[in-house]
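Here's the structure, in structure tokens; my notes come after.
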Amino acid sequence: MTAADQPLFNLCGGHPALDFVNSLDDRCGAGEPRERLTDYGALLRFALESQLLDARRARSLAQVAPAAAERAVRAARELREALAAVLYARVEQRSPPAAALRTLERHLHRAGQHRELRWERRTRGGALSWDRGRFEARAELPVWLLAQSAGELLMSETMERVRACDADTCRWLFLDTSRNHTRRWCDMKVCGNRMKARRFQARQEA
Ligand SMILES: [Zn+2]
């Protein structure tokens, strides 16, 4: 396995929209947050690793004009921050800020506009479905796919399972799919062990 094959993103959130929000790391820490969505290449990698894009499509999108790529990254970050505002509000049982809702709405509209109706012939008649069709080669494709995926999550019952990591320096979002809905950490290997160690230390010092 080469470095290029190693995943760039930690997808422990369990849903592309949640992992996407987590791509601004340390957003709740005392210092500056760390941007993982550094450029268009990183955005494509995220969409690829989240299985929103296939490798062939990601390779061809890597060739888009730099200005279009830059616009797409800006749009992606804007979508992500609106999404973060809405999701954290939900987790903390507050109403989301109106501005974040309007931004999210705009992104959902754009995602909806950039698809086409496809008629698929079947043995008995045919069926209509939505397809990215002629918009597949546009730089914003990963942004639209992320908006669509986020919209589906936000309006589903799965929202009941969205949690933020209990480690107050982390607060990464994840989908709690544990049987008893008692998952507390984004990643047991990272935050779970860290918090256990901290508690153990606190007990020793008490
Ligand atoms: Zn965590």
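Ligands are numbered from 1 in the order shown, chains are lettered A, B, ... in the order of the structure tokens, and residues start at 1 in each chain.
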
Please report as JSON lines every residue of region 15-111 of chain A lying within 12 Å of region 170-180 of chain A, along with the nearest atom pair and their distance in Å (one decimal), using only C-alpha atoms.
```
{"residue": "A:His15", "atom": "CA", "partner": "A:Leu175", "partner_atom": "CA", "distance": 6.9}
{"residue": "A:Pro16", "atom": "CA", "partner": "A:Phe174", "partner_atom": "CA", "distance": 9.9}
{"residue": "A:Ala17", "atom": "CA", "partner": "A:Leu173", "partner_atom": "CA", "distance": 9.3}
{"residue": "A:Leu18", "atom": "CA", "partner": "A:Leu173", "partner_atom": "CA", "distance": 5.5}
{"residue": "A:Asp19", "atom": "CA", "partner": "A:Leu173", "partner_atom": "CA", "distance": 7.2}
{"residue": "A:Phe20", "atom": "CA", "partner": "A:Leu173", "partner_atom": "CA", "distance": 9.4}
{"residue": "A:Val21", "atom": "CA", "partner": "A:Leu173", "partner_atom": "CA", "distance": 7.4}
{"residue": "A:Asn22", "atom": "CA", "partner": "A:Trp172", "partner_atom": "CA", "distance": 5.6}
{"residue": "A:Ser23", "atom": "CA", "partner": "A:Trp172", "partner_atom": "CA", "distance": 9.2}
{"residue": "A:Leu24", "atom": "CA", "partner": "A:Trp172", "partner_atom": "CA", "distance": 9.4}
{"residue": "A:Asp25", "atom": "CA", "partner": "A:Cys170", "partner_atom": "CA", "distance": 8.0}
{"residue": "A:Asp26", "atom": "CA", "partner": "A:Cys170", "partner_atom": "CA", "distance": 6.1}
{"residue": "A:Arg27", "atom": "CA", "partner": "A:Cys170", "partner_atom": "CA", "distance": 7.7}
{"residue": "A:Cys28", "atom": "CA", "partner": "A:Cys170", "partner_atom": "CA", "distance": 6.5}
{"residue": "A:Gly29", "atom": "CA", "partner": "A:Cys170", "partner_atom": "CA", "distance": 7.0}
{"residue": "A:Ala30", "atom": "CA", "partner": "A:Cys170", "partner_atom": "CA", "distance": 10.6}
{"residue": "A:Gly31", "atom": "CA", "partner": "A:Cys170", "partner_atom": "CA", "distance": 11.9}
{"residue": "A:Pro33", "atom": "CA", "partner": "A:Cys170", "partner_atom": "CA", "distance": 10.7}
{"residue": "A:Arg34", "atom": "CA", "partner": "A:Cys170", "partner_atom": "CA", "distance": 11.8}
{"residue": "A:Leu83", "atom": "CA", "partner": "A:Leu173", "partner_atom": "CA", "distance": 11.3}
{"residue": "A:Ala84", "atom": "CA", "partner": "A:Leu173", "partner_atom": "CA", "distance": 9.1}
{"residue": "A:Ala85", "atom": "CA", "partner": "A:Leu173", "partner_atom": "CA", "distance": 11.8}
{"residue": "A:Val86", "atom": "CA", "partner": "A:Leu173", "partner_atom": "CA", "distance": 11.9}
{"residue": "A:Leu87", "atom": "CA", "partner": "A:Leu173", "partner_atom": "CA", "distance": 8.4}
{"residue": "A:Tyr88", "atom": "CA", "partner": "A:Leu173", "partner_atom": "CA", "distance": 8.3}
{"residue": "A:Ala89", "atom": "CA", "partner": "A:Leu173", "partner_atom": "CA", "distance": 11.8}
{"residue": "A:Arg90", "atom": "CA", "partner": "A:Leu173", "partner_atom": "CA", "distance": 11.2}
{"residue": "A:Val91", "atom": "CA", "partner": "A:Leu173", "partner_atom": "CA", "distance": 9.0}
{"residue": "A:Glu92", "atom": "CA", "partner": "A:Arg171", "partner_atom": "CA", "distance": 11.3}
```

- Task: Step by step, measure atom-to-atom distances between ligand 1 and each residue using only C-alpha atoms and all ligand atoms, keep those at most 9 Å, then write them as a list in words.
- Result: Ala164, Cys165, Asp166, Ala167, Asp168, Thr169, Cys170, Arg171, Trp172, Leu173, Arg184, Trp185, Cys186, Asp187, Met188, Val190, Cys191 and Gly192 of chain A

- Message: Could you tell me how far CA of Ala82 (chain A) sits from CA of Ala99 (chain A), in Å to one decimal place?
- Response: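 Distance reported for this atom pair: 8.1 Å.
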
- Message: Between CA of Arg138 (chain A) and CA of Leu37 (chain A), what is the distance in Å, rounded to a tenth?
- Response: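 These atoms are spaced 18.6 Å apart.
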
- List every residue of region 48-191 of chain A that DSSP, applied to the backbone of this structure, places in strand (DSSP E), and write the result as JSON, numbers by chain. {"A": [116, 117, 118, 119, 120, 121, 126, 127, 128, 129, 130, 131, 162, 163, 164, 173, 174, 175]}

- Enter the distance from CA of Glu78 (chain A) to CA of Pro66 (chain A), in Å, rounded to one decimal.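 Computing it gives 18.4 Å between the two atoms.
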
Near region 140-154 of chain A, 6 Å: region 15-128 of chain A residue rows, closest pairs, only C-alpha atoms, as a tab-separated table:
```
residue	atom	partner	partner_atom	distance
A:Ala17	CA	A:Ala150	CA	5.0
A:Ala72	CA	A:Glu140	CA	5.0
A:Ala76	CA	A:Val143	CA	5.4
A:Leu108	CA	A:Ala147	CA	5.7
A:Ala111	CA	A:Trp144	CA	4.4
```

Using only C-alpha atoms, please write the residues we just selected to a file, as a PDB file, in the first residue's frame.
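Result file again_10.pdb:
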```
ATOM      1  CA  ALA A  17     -22.461  14.387   6.391  1.00  0.00           C
ATOM      2  CA  ALA A  72     -15.964  24.367  -5.139  1.00  0.00           C
ATOM      3  CA  ALA A  76     -17.911  22.941   0.368  1.00  0.00           C
ATOM      4  CA  LEU A 108     -29.923  21.855  -1.086  1.00  0.00           C
ATOM      5  CA  ALA A 111     -27.895  20.145  -5.404  1.00  0.00           C
TER       6      ALA A 111
END
```

- Message: Could you pull out the helix (DSSP H, G or I) residues of region 25-148 of chain A, going by DSSP on the backbone, and write them as a PyMOL selection string?
- Response: chain A and resi 40-49+55-61+66-91+98-113+133-135+141-148

Find the residues around Leu43 (chain A) up to 12 Å (only C-alpha atoms counted), leave out those fewer than 2 positions away in its own chain, and share them as an mmCIF file with N, CA and C atoms, in the first residue's frame.
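This is the output file selection02.cif:
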```cif
data_model
loop_
_atom_site.group_PDB
_atom_site.id
_atom_site.type_symbol
_atom_site.label_atom_id
_atom_site.label_comp_id
_atom_site.auth_asym_id
_atom_site.auth_seq_id
_atom_site.Cartn_x
_atom_site.Cartn_y
_atom_site.Cartn_z
ATOM 1 N N LEU A 8 -7.182 9.383 3.979
ATOM 2 C CA LEU A 8 -6.769 10.706 4.444
ATOM 3 C C LEU A 8 -7.673 11.160 5.588
ATOM 4 N N PHE A 9 -8.896 10.610 5.608
ATOM 5 C CA PHE A 9 -9.899 11.064 6.574
ATOM 6 C C PHE A 9 -10.306 9.933 7.517
ATOM 7 N N PHE A 20 -18.002 14.750 7.265
ATOM 8 C CA PHE A 20 -17.720 16.022 6.580
ATOM 9 C C PHE A 20 -17.571 17.142 7.620
ATOM 10 N N SER A 23 -14.370 17.195 9.353
ATOM 11 C CA SER A 23 -13.167 17.524 8.574
ATOM 12 C C SER A 23 -12.601 18.892 8.955
ATOM 13 N N GLU A 35 -7.901 22.608 9.639
ATOM 14 C CA GLU A 35 -8.625 22.367 8.382
ATOM 15 C C GLU A 35 -8.081 21.136 7.668
ATOM 16 N N ARG A 36 -8.920 20.120 7.501
ATOM 17 C CA ARG A 36 -8.501 18.912 6.776
ATOM 18 C C ARG A 36 -8.888 18.994 5.298
ATOM 19 N N LEU A 37 -9.838 19.887 5.026
ATOM 20 C CA LEU A 37 -10.280 20.078 3.641
ATOM 21 C C LEU A 37 -9.403 21.175 3.051
ATOM 22 N N THR A 38 -8.130 20.850 2.866
ATOM 23 C CA THR A 38 -7.143 21.873 2.545
ATOM 24 C C THR A 38 -7.258 22.412 1.124
ATOM 25 N N ASP A 39 -7.681 21.563 0.191
ATOM 26 C CA ASP A 39 -7.780 21.995 -1.206
ATOM 27 C C ASP A 39 -8.750 21.079 -1.954
ATOM 28 N N TYR A 40 -8.864 21.285 -3.254
ATOM 29 C CA TYR A 40 -9.829 20.509 -4.040
ATOM 30 C C TYR A 40 -9.473 19.018 -4.055
ATOM 31 N N GLY A 41 -8.168 18.728 -4.073
ATOM 32 C CA GLY A 41 -7.723 17.336 -4.030
ATOM 33 C C GLY A 41 -8.240 16.649 -2.770
ATOM 34 N N ARG A 45 -10.782 13.542 -2.378
ATOM 35 C CA ARG A 45 -10.415 12.374 -1.571
ATOM 36 C C ARG A 45 -11.512 12.072 -0.550
ATOM 37 N N PHE A 46 -12.040 13.127 0.053
ATOM 38 C CA PHE A 46 -13.110 12.919 1.041
ATOM 39 C C PHE A 46 -14.319 12.253 0.383
ATOM 40 N N ALA A 47 -14.719 12.778 -0.781
ATOM 41 C CA ALA A 47 -15.887 12.226 -1.483
ATOM 42 C C ALA A 47 -15.631 10.792 -1.929
ATOM 43 N N LEU A 48 -14.400 10.518 -2.309
ATOM 44 C CA LEU A 48 -14.023 9.170 -2.736
ATOM 45 C C LEU A 48 -14.048 8.208 -1.540
ATOM 46 N N GLU A 49 -13.402 8.611 -0.440
ATOM 47 C CA GLU A 49 -13.334 7.747 0.742
ATOM 48 C C GLU A 49 -14.723 7.546 1.359
ATOM 49 N N SER A 50 -15.605 8.526 1.186
ATOM 50 C CA SER A 50 -16.977 8.404 1.701
ATOM 51 C C SER A 50 -17.897 7.693 0.718
ATOM 52 N N LEU A 52 -18.985 8.643 -2.127
ATOM 53 C CA LEU A 52 -19.935 9.472 -2.866
ATOM 54 C C LEU A 52 -19.501 9.588 -4.328
ATOM 55 N N LEU A 53 -18.212 9.421 -4.552
ATOM 56 C CA LEU A 53 -17.640 9.468 -5.912
ATOM 57 C C LEU A 53 -16.883 8.180 -6.166
ATOM 58 N N ALA A 58 -13.474 10.762 -9.729
ATOM 59 C CA ALA A 58 -12.566 11.602 -8.942
ATOM 60 C C ALA A 58 -11.341 11.970 -9.771
ATOM 61 N N LEU A 61 -12.345 14.601 -12.332
ATOM 62 C CA LEU A 61 -12.612 15.909 -11.707
ATOM 63 C C LEU A 61 -11.313 16.595 -11.269
ATOM 64 N N ALA A 62 -10.285 15.803 -11.011
ATOM 65 C CA ALA A 62 -9.000 16.386 -10.592
ATOM 66 C C ALA A 62 -8.427 17.291 -11.688
ATOM 67 N N ALA A 69 -12.144 24.818 -9.216
ATOM 68 C CA ALA A 69 -11.812 23.965 -8.063
ATOM 69 C C ALA A 69 -11.839 24.787 -6.780
ATOM 70 N N GLU A 70 -11.286 25.985 -6.844
ATOM 71 C CA GLU A 70 -11.226 26.869 -5.682
ATOM 72 C C GLU A 70 -12.636 27.268 -5.223
ATOM 73 N N ARG A 71 -13.488 27.587 -6.214
ATOM 74 C CA ARG A 71 -14.886 27.928 -5.892
ATOM 75 C C ARG A 71 -15.590 26.752 -5.214
ATOM 76 N N ALA A 72 -15.315 25.561 -5.707
ATOM 77 C CA ALA A 72 -15.964 24.367 -5.139
ATOM 78 C C ALA A 72 -15.525 24.151 -3.688
ATOM 79 N N VAL A 73 -14.250 24.379 -3.405
ATOM 80 C CA VAL A 73 -13.760 24.213 -2.028
ATOM 81 C C VAL A 73 -14.422 25.239 -1.109
ATOM 82 N N ARG A 74 -14.544 26.472 -1.594
ATOM 83 C CA ARG A 74 -15.211 27.514 -0.791
ATOM 84 C C ARG A 74 -16.660 27.120 -0.516
ATOM 85 N N ALA A 75 -17.343 26.634 -1.555
ATOM 86 C CA ALA A 75 -18.738 26.213 -1.401
ATOM 87 C C ALA A 75 -18.841 25.041 -0.423
ATOM 88 N N ALA A 76 -17.894 24.116 -0.515
ATOM 89 C CA ALA A 76 -17.911 22.941 0.368
ATOM 90 C C ALA A 76 -17.768 23.367 1.824
ATOM 91 N N ARG A 77 -16.830 24.293 2.081
ATOM 92 C CA ARG A 77 -16.628 24.742 3.472
ATOM 93 C C ARG A 77 -17.845 25.502 3.981
ATOM 94 N N ARG A 80 -20.398 22.974 4.789
ATOM 95 C CA ARG A 80 -20.005 22.244 5.993
ATOM 96 C C ARG A 80 -20.302 23.045 7.263
ATOM 97 N N ALA A 139 -17.082 20.939 -11.419
ATOM 98 C CA ALA A 139 -16.240 20.939 -10.220
ATOM 99 C C ALA A 139 -17.050 20.818 -8.928
ATOM 100 N N GLU A 140 -18.272 21.359 -8.923
ATOM 101 C CA GLU A 140 -19.084 21.342 -7.689
ATOM 102 C C GLU A 140 -19.735 20.001 -7.415
ATOM 103 N N LEU A 141 -19.548 19.025 -8.295
ATOM 104 C CA LEU A 141 -20.223 17.740 -8.108
ATOM 105 C C LEU A 141 -20.097 17.195 -6.674
ATOM 106 N N PRO A 142 -18.875 17.150 -6.085
ATOM 107 C CA PRO A 142 -18.796 16.613 -4.720
ATOM 108 C C PRO A 142 -19.613 17.436 -3.709
ATOM 109 N N VAL A 143 -19.727 18.762 -3.950
ATOM 110 C CA VAL A 143 -20.502 19.613 -3.028
ATOM 111 C C VAL A 143 -21.986 19.246 -3.117
ATOM 112 N N LEU A 145 -23.236 16.389 -4.094
ATOM 113 C CA LEU A 145 -23.444 15.042 -3.545
ATOM 114 C C LEU A 145 -23.461 15.086 -2.018
ATOM 115 N N LEU A 146 -22.597 15.936 -1.448
ATOM 116 C CA LEU A 146 -22.566 16.075 0.011
ATOM 117 C C LEU A 146 -23.836 16.735 0.524
#
```

- Note on the structure: From the list A:Leu11, A:Met155, A:Leu117, A:Met195, the nearest residue to Arg134 (chain A) using only C-alpha atoms is A:Leu117

- Query: Nearest to Pro96 (chain A): which of A:Asp131, A:Ala55, A:Ala197, A:Glu81 is it, counting only C-alpha atoms?
  - Reply: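 Comparing A:Asp131, A:Ala55, A:Ala197, A:Glu81 against Pro96 (chain A), the winner is A:Glu81.
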
- Of the residues A:Leu101, A:Met159, A:Val64, A:Leu79, which is the one nearest to Glu136 (chain A), using only C-alpha atoms?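 Comparing A:Leu101, A:Met159, A:Val64, A:Leu79 against Glu136 (chain A), the winner is A:Val64.
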
- Find the residue from A:Cys12, A:Ala42, A:Ala100, A:Ala68 that sits nearest to Ala137 (chain A); use only C-alpha atoms when measuring.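 Counting only C-alpha atoms, the residue closest to Ala137 (chain A) is A:Ala68.
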